[in-house]
Structures are given as C-alpha cells and as structure tokens.
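Visitor: I'd like to ask you about the structure that follows.
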Amino acid sequence: MRVTDRMTFDRAAREGGQARARLDRAVAQASSGVRVVHPGDDPAAAARIAAERVTVARMDAIATATGRASDELAAVDAALGEVATGLARAQELATRYASAPYDAAQRASGAREVRGILASAVASLGVKVGGRYLLGGFRDGAPPFDAGGAYQGDAGVREVEIAPGVRQPAAVRADVAIAGAGGGVDVLATLGALAAALEANDPEAVRATLSPLARGTDQLASARGAAGAAMATLDAATRAGAAARDAARGAIGELADADPIAAASELALAQRALDAALTATAKGFQLTLLDRLR
C-alpha cells in the first residue's frame, strides 16, 4: 500500500492531537489537583463520587436535624427543671402548713407563694425555640398551658431521623409529664388545689396535696430522665452522622483528587510524548520533501 502525503499528514495530525490532549489533561490535573472533573474522565469513579455526594448531603441534613432536636430537648429539660424546683418548694410549704399551729394569715401568705410558683411554672412550660412552642405536641403555635394551668396542646410527639430510615422521638409529652394523661398527676392542678386549700385555711385539704405533689415530682423526674436519654441518643447520632459524612468526603477526595507524584509524572510523560510526536511529524515531512526534490 502506497503511503501518500495526505495519509502521512492525517496520521501526524491525529497522533499530535492525541498527544496534545493528553498533555492538556496532565496540565489540568497537575495544576488543579483534580483527577475526575467530567464523567468521561473515569466513569466508574464518577458514579461513586455522585453516590458519595448524596451521602454527604443526607448526613449533613441528619446532623443538622439531630443537633437542633437535641438543643430543643435541652431547653425542655431546663424548663422541667424549673418546674421541679418550684414543685419542691410547694411540697415544703404543704408540709409546713398541713400542721395545726399556723393561722389563716400565715396560710394566706403561703397561698400567695404557691400562686407565684404556679404562674412561674406555666411561664417556664411555654418554652419555645425558633418561634415554635416545644411542649404542646403538634400544636406548637400557641402556649401549651393557659394561665390557669390547663393543657392546650395535643398528644403528638415529634420525631427526627437519626440515621437513614431510622427515627427517634425527640419531644416530651407535656400532657403526660405535667397534665397527668394516662393515670398520672396533674401537676399544675395540684398546685392550684394547694393554693386554694391554703387560702381556705384548711389543713386537711393542704395535707391531701402532699401525695399528689410527691407523685408529681416523680413524674417530672421520669420525664427528665427520658429527655436525657433521648438527648444522648441524638448526640450519638450527630457524631455518627458527622463521621459518616467525613468518610464520604474522604472517599470523594480519594476518587476525584489527583496524586501529586503521579500527576507530575504523567505531565512529564505527556510532554515527552508530544515532543516525540512533533519531532516524528517534522522528520516525516522532511523525508517527504526530500523525496520530491530528488
């Protein structure tokens, strides 16, 4: 087969173009440090990078949600702690004024303090974060208790995703912990009953509140314990999510980033390959020209 000048030129152009494209890729990798920019650079790696990026986004969202939920539970626990402190003081007052030596004026003074404890408890239970009340279940647009201590929320329990497909309750049911739904003690109603008994100067009625106050204290302690356990779970989930996110980011780096030494070596090889292609092309045309001159 006769090799024509046109064939020589075409082959030289093709080989030179391939060598230049290789050099361009090598320069891009060496300068940017990125090996996979387009899917065509490495289809398998590009597919894995896309999957890892989805993981990063999912774990970021989970970490944000679990972190926020843990902060909200911490705010709820602080509110319940304030109520528990008030309840302990109410127990002291009930124990004191249940005995005979006190008169109506003294019990009236105690009643005023209990009324203050009740008002303070209602205010504490109106805790909210980001404009959302935390103790009203799904009815989070208004205070969960009215001024008299009656529960205005529902039995809804907010959940949060702590891992892909795994959800964790992230709220305290105030209807149970405070209002006594399901057979418990209505803590705020008990405070109201204590205040009324003191105002009526009725030692027997004051004494009758001692057991409900004690049960209410246990009820609050149980709710706070459950909140603490939920916070621990959420915090662990936040750490696990952050670790998974960082691992996915590391995998993306390993897949997409160019090895500096390999990139430098490829750059040198690509430069030599282009130089060789240009030299061969030049010599080929020189020979062709000499043949024409003879």
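Labels used: A, B, ... for chains in the order of the structure tokens, numbers from 1 for residues in each chain, and numbers from 1 for ligands as shown.
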From the DSSP assignment of the backbone, select every residue of stretch 181-240 of chain A that is helix (DSSP H, G or I), and format the answer as a PyMOL selection string.

Guide: chain A and resi 187-199+203-208+210-240

Visitor: Near stretch 63-67 of chain A, counting only C-alpha atoms, which residues have an atom at most 8 Å away, once you skip same-chain residues fewer than 4 positions from it, shown as a VMD selection string?

Guide: chain A and resid 59 71 160 to 162 234 to 235 237 to 239 241 to 242

Visitor: Restricting it to C-alpha atoms, dump the selection as a short mmCIF file (atom, residue, chain, number, x, y, z; two decimals), in the first residue's frame.

Guide:
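Final file, selection_15.cif:
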```cif
data_model
loop_
_atom_site.label_atom_id
_atom_site.label_comp_id
_atom_site.auth_asym_id
_atom_site.auth_seq_id
_atom_site.Cartn_x
_atom_site.Cartn_y
_atom_site.Cartn_z
CA MET A 59 -25.68 13.10 56.57
CA ASP A 71 -30.88 21.66 71.62
CA VAL A 160 -36.32 13.11 63.92
CA GLU A 161 -34.30 10.93 61.55
CA ILE A 162 -31.11 9.85 63.33
CA LEU A 234 -29.43 12.33 69.40
CA ASP A 235 -25.93 13.44 70.32
CA ALA A 237 -26.45 10.14 66.14
CA THR A 238 -24.99 13.58 65.42
CA ARG A 239 -21.47 12.27 66.00
CA GLY A 241 -23.61 11.22 61.11
CA ALA A 242 -20.65 13.58 61.14
#
```

Visitor: Could you pull out the strand (DSSP E) residues of stretch 85-256 of chain A, going by DSSP on the backbone, and write them as a count of residues only?

Guide: 13

Visitor: For A:Ala174, list every protein, DNA or RNA residue within 6 Å, evaluated using only C-alpha atoms, and leave out those in the same chain fewer than 3 positions away; present the list as number ranges by chain.

Guide: A: 135, 177-178

Visitor: Point out the residue among A:Gly126, A:Gly250, A:Gly182, A:Gly192 with the least atom-to-atom distance to A:Phe145, counting only C-alpha atoms.

Guide: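 With only C-alpha atoms as the atom set, the closest residue is A:Gly126.
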
Visitor: What's around A:Arg132 at 7 Å? Count only C-alpha atoms, leave out sequence neighbours fewer than 4 positions away in its own chain, and write the answer as a list in words.

Guide: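 The contact residues come out as Lys128, Asp140 and Gly141 of chain A.
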
Visitor: Tell me, as a ChimeraX atom specification, which residues lie within 9 Å of A:Ile49, counting only C-alpha atoms; anything in the same chain fewer than 3 positions away does not count.

Guide: /A:44-46,52-54,248,251-253,255-256

Visitor: Kindly give the distance, in Å, that separates atom CA of A:Glu254 and atom CA of A:Ala57, rounded to a single decimal.

Guide: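 Between atom CA of A:Glu254 and atom CA of A:Ala57 the gap works out to 18.0 Å.
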
Visitor: Please indicate the distance in Å from atom CA of A:Glu204 to atom CA of A:Leu220, rounded to one decimal place.

Guide: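 Computing it gives 25.2 Å between the two atoms.
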
Visitor: List the spatial neighbours of A:Leu93 as a compact mmCIF listing (two decimals) with N, CA, C and O atoms, in the first residue's frame - criterion: any atom at most 8 Å away, only C-alpha atoms, same-chain residues fewer than 4 positions off excluded.

Guide:
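Output saved as around-v1.txt:
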```txt
# COMPACT_ATOMS: atom_id res chain seq x y z
N ARG A 89 -40.44 23.35 96.31
CA ARG A 89 -40.79 24.41 97.27
C ARG A 89 -42.25 24.28 97.70
O ARG A 89 -42.59 24.47 98.88
N TYR A 97 -47.62 23.87 106.28
CA TYR A 97 -48.94 24.41 106.60
C TYR A 97 -50.01 23.32 106.79
O TYR A 97 -51.18 23.64 107.10
N GLY A 110 -48.62 31.74 102.41
CA GLY A 110 -48.16 30.56 101.68
C GLY A 110 -48.91 30.40 100.37
O GLY A 110 -48.32 30.00 99.35
```

Visitor: Could you state the separation of atom CA of A:Tyr133 and atom CA of A:Thr209 in Å, given to one decimal place?

Guide: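 So the two atoms, atom CA of A:Tyr133 and atom CA of A:Thr209, lie 29.5 Å apart.
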
Visitor: Between A:Ala205, A:Ala111, A:Ala51, A:Ala75, single out the one closest to A:Ser124, counting only C-alpha atoms.

Guide: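 Among the listed residues, the smallest separation from A:Ser124 belongs to A:Ala75.
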
Visitor: Might you pull out every residue within 9 Å of A:Thr95, with only C-alpha atoms counted and same-chain residues fewer than 6 positions away left off, and present them as a tab-separated table (two decimals) with N, CA and C atoms, in the first residue's frame?

Guide:
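result_31.tsv, written as the output of this step:
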```tsv
chain	number	residue	atom	x	y	z
A	206	VAL	N	-54.86	20.85	102.65
A	206	VAL	CA	-53.43	21.03	102.36
A	206	VAL	C	-52.72	19.69	102.43
A	207	ARG	N	-53.04	18.91	103.50
A	207	ARG	CA	-52.40	17.59	103.69
A	207	ARG	C	-52.73	16.66	102.52
A	210	LEU	N	-50.20	16.49	99.59
A	210	LEU	CA	-48.83	16.02	99.75
A	210	LEU	C	-48.51	14.82	98.87
```

Visitor: From the list A:Gln168, A:Ser70, A:Ser109, A:Gln219, which residue is nearest A:Val129 when using only C-alpha atoms?

Guide: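 Residue with the minimum atom-to-atom distance to A:Val129: A:Ser70.
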
Visitor: Go through A:Arg58, A:Arg48, A:Ala84, A:Ala123 and flag the residue nearest A:Arg245, using only C-alpha atoms for the distances.

Guide: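 For A:Arg245, the nearest of the given residues is A:Arg58.
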
Visitor: For A:Ala227, which of A:Val56, A:Ala179, A:Ala78, A:Leu73 is the closest residue, counting only C-alpha atoms?

Guide: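 Under the stated criterion, the closest residue is A:Leu73.
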
Visitor: When you count only C-alpha atoms, which of these residues is closest to A:Asp186: A:Ala90, A:Thr217, A:Pro143, A:Ala61?

Guide: A:Thr217
